[in-house]
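Undergrad: First, the structure itself, so that you have it in front of you.
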Amino acid sequence: MNKHAKIMETAPLVLIKYGGNAMRSDELKRDIVSRIAELRERGLRVVVVHGGGPFIQEMLDMAGIESEFVAGHRKTTPEALRYVEIALKGRVNGDLVQLFNRAGLRAVGLSGKDGRMVTAKRREHEQMVDGEKRTFDLGLVGDVTSVDTTLPELLLEHDYLPVITCIAPDADGTDHNVNADMFAGHLAGALAVDRYLVLTDVDGVLIDIDDPGSLVREMTLEDLTHSMGSVIKGGMIPKLESCRIALEGGAREARIINGMKPAQLLTAAAGDECGTKIRSHNED
């Protein structure tokens, strides 16, 4: 191993979960890319994980495939999955890799399939209906069962930027669409990242969604358990659940930050006060 590789191996590692509204604007996307490039210039190692819900819907609409929702979750048929992968890997991932490379980085586009990085299993959604627990079949929607970090670690060692989307096969090789937040949380934990940063479209966890001043600066994993369904609602639930997964899996710190304000990436990556910090129970 050369001197540069040794330095990179010990540099702080940050995993950024990127998606949602921060992907819709080309200008905002370029700003986020430039901030990540600045993190790399500061000597940090970076992994990017992304979803792409709006682009999936656009692709399905173009293909004339109607989205079927089961208990509020999009069901993924084998036919739909082909277009999901085209949207995530062919469009979103390819565009991001191009932007990062134009910014002077050496980005490599991947999915969980590459190098057997992530293995999934078919997810069965359980929900209470009329007082009874019911199981709903979501098709080729997956939950992460294992992560092999060999490939991303090898790329990081050689100064590449892994850009990873959330398609993963099961043990038999059948591909599944995995929730990007869950995918990112599992990978952040397996990589034992120094900081796991989840980009959303608000400043963090808000007690009152209409009051920016109600930002919760810090929460423990125990706080998450007590706040689910009350303070933590809607789309914030999977993001904070992914933080739990990351911390329990080995990540040192997790934060929810505002992807509409790209400068927060630099603040959060430096460990300064920003967004909502999630810490484990055993932290001093």
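Going through the structure tokens in order, the chains are called A, B, and so on, while each chain numbers its residues from 1 and the ligands are numbered from 1 in the order shown.
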Counting only C-alpha atoms, what is within 7 Å of region 263-273 of chain A, bar same-chain residues fewer than 3 positions away, as a ChimeraX atom specification?

TA: /A:35,39,195,257-258

Undergrad: Quick one: residues within 8 Å of region 166-180 of chain A, only C-alpha atoms counted, chain neighbours fewer than 5 positions away excluded, as a VMD selection string?

TA: chain A and resid 17 49 to 51 76 81 84 to 85 88 111 to 113 118 to 122 140 to 144

Undergrad: With DSSP run on the backbone, what are the alpha helix (DSSP H) residues within region 79-156 of chain A? I'd like them as an NGL selection string.

TA: :A and (79-85 or 94-102 or 150-156)

Undergrad: Considering only strand (DSSP E or B) as DSSP defines it on the backbone, what residues of region 88-151 of chain A qualify? List them as a ChimeraX atom specification.

TA: /A:107-111,118-129,132-147

Undergrad: Under the rule that only C-alpha atoms are counted, which of A:Glu222, A:Ser227, A:Phe55, A:Arg102 is the nearest residue to Gly90 (chain A)?

TA: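 The answer is A:Phe55, which sits nearest to Gly90 (chain A).
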
Undergrad: Residues near Lys89 (chain A), anyone? I mean within 8 Å using only C-alpha atoms, not counting same-chain ones fewer than 5 positions away, as a PyMOL selection string.

TA: chain A and resi 94+109-111+165

Undergrad: Can those selected residues be exported to a file as a short mmCIF file (atom, residue, chain, number, x, y, z; two decimals), in the first residue's frame so that it contains C-alpha atoms?

TA:
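Final output, saved to selection_9.cif:
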```cif
data_model
loop_
_atom_site.label_atom_id
_atom_site.label_comp_id
_atom_site.auth_asym_id
_atom_site.auth_seq_id
_atom_site.Cartn_x
_atom_site.Cartn_y
_atom_site.Cartn_z
CA GLY A 94 -25.39 7.88 -14.47
CA GLY A 109 -21.61 4.14 -10.29
CA LEU A 110 -22.82 1.00 -8.50
CA SER A 111 -25.87 -0.79 -7.19
CA THR A 165 -28.21 2.99 -5.74
#
```

Undergrad: Return the single residue from A:Met219, A:Val193, A:Val202, A:Val97 that is closest to Pro162 (chain A), with distances computed using only C-alpha atoms.

TA: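 Among the listed residues, A:Val97 lies closest to Pro162 (chain A).
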
Undergrad: So, counting only C-alpha atoms, which residue among A:Arg134, A:Arg279, A:His158, A:His186 is closest to Ser242 (chain A)?

TA: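 That would be A:His186, the residue with the smallest distance to Ser242 (chain A).
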
Undergrad: Using only C-alpha atoms, which residue out of A:Leu154, A:Gly189, A:Gly275, A:Cys243 lies closest to Gly204 (chain A)?

TA: A:Gly275

Undergrad: If you count only C-alpha atoms, which residues fall within 12 Å of His73 (chain A), apart from same-chain ones fewer than 5 positions away, as a count of residues only?

TA: 15

Undergrad: Any idea what's packed within 9 Å of Ala103 (chain A), counting only C-alpha atoms, ignoring anything in its chain fewer than 4 positions away? Could you give it as a list in words?

TA: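 Once the adjacent positions are removed, what remains is Val33, Ser34, Ala37, Gln98 and Leu99 of chain A.
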
Undergrad: Only C-alpha atoms, please: the residues just picked out, written as an mmCIF file, in the first residue's frame.

TA:
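And here's again.cif as it stands now:
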```
data_model
loop_
_atom_site.group_PDB
_atom_site.id
_atom_site.type_symbol
_atom_site.label_atom_id
_atom_site.label_comp_id
_atom_site.auth_asym_id
_atom_site.auth_seq_id
_atom_site.Cartn_x
_atom_site.Cartn_y
_atom_site.Cartn_z
ATOM 1 C CA VAL A 33 -21.944 17.936 -5.998
ATOM 2 C CA SER A 34 -19.605 20.901 -5.530
ATOM 3 C CA ALA A 37 -16.134 17.756 -3.993
ATOM 4 C CA GLN A 98 -21.126 12.407 -14.715
ATOM 5 C CA LEU A 99 -21.562 15.464 -12.473
#
```

Undergrad: Using only C-alpha atoms, which of the listed residues (A:Asp148, A:Glu58, A:Asp114, A:Asp95) sits closest to Arg30 (chain A)?

TA: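 Nearest candidate to Arg30 (chain A) out of A:Asp148, A:Glu58, A:Asp114, A:Asp95: A:Asp95.
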
Undergrad: Compare A:Leu96, A:Phe183, A:Ala192, A:Asp130 by their minimum atom-to-atom distance to Pro12 (chain A), counting only C-alpha atoms, and give me the closest one.

TA: A:Ala192

Undergrad: Which neighbours of Tyr160 (chain A) fall inside 7 Å, counting only C-alpha atoms, when residues of the same chain fewer than 2 positions from it are skipped, and could you give them as a ChimeraX atom specification?

TA: /A:106-108,155-156,158,162

Undergrad: How far is it from CA of Pro54 (chain A) to CA of Arg74 (chain A), in Å with one decimal?

TA: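 Straight-line distance from CA of Pro54 (chain A) to CA of Arg74 (chain A) works out to 12.5 Å.
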
Undergrad: I'd like the interatomic distance between CA of Asp211 (chain A) and CA of Thr225 (chain A), to a tenth of an Å.

TA: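 Computing it gives 22.7 Å between the two atoms.
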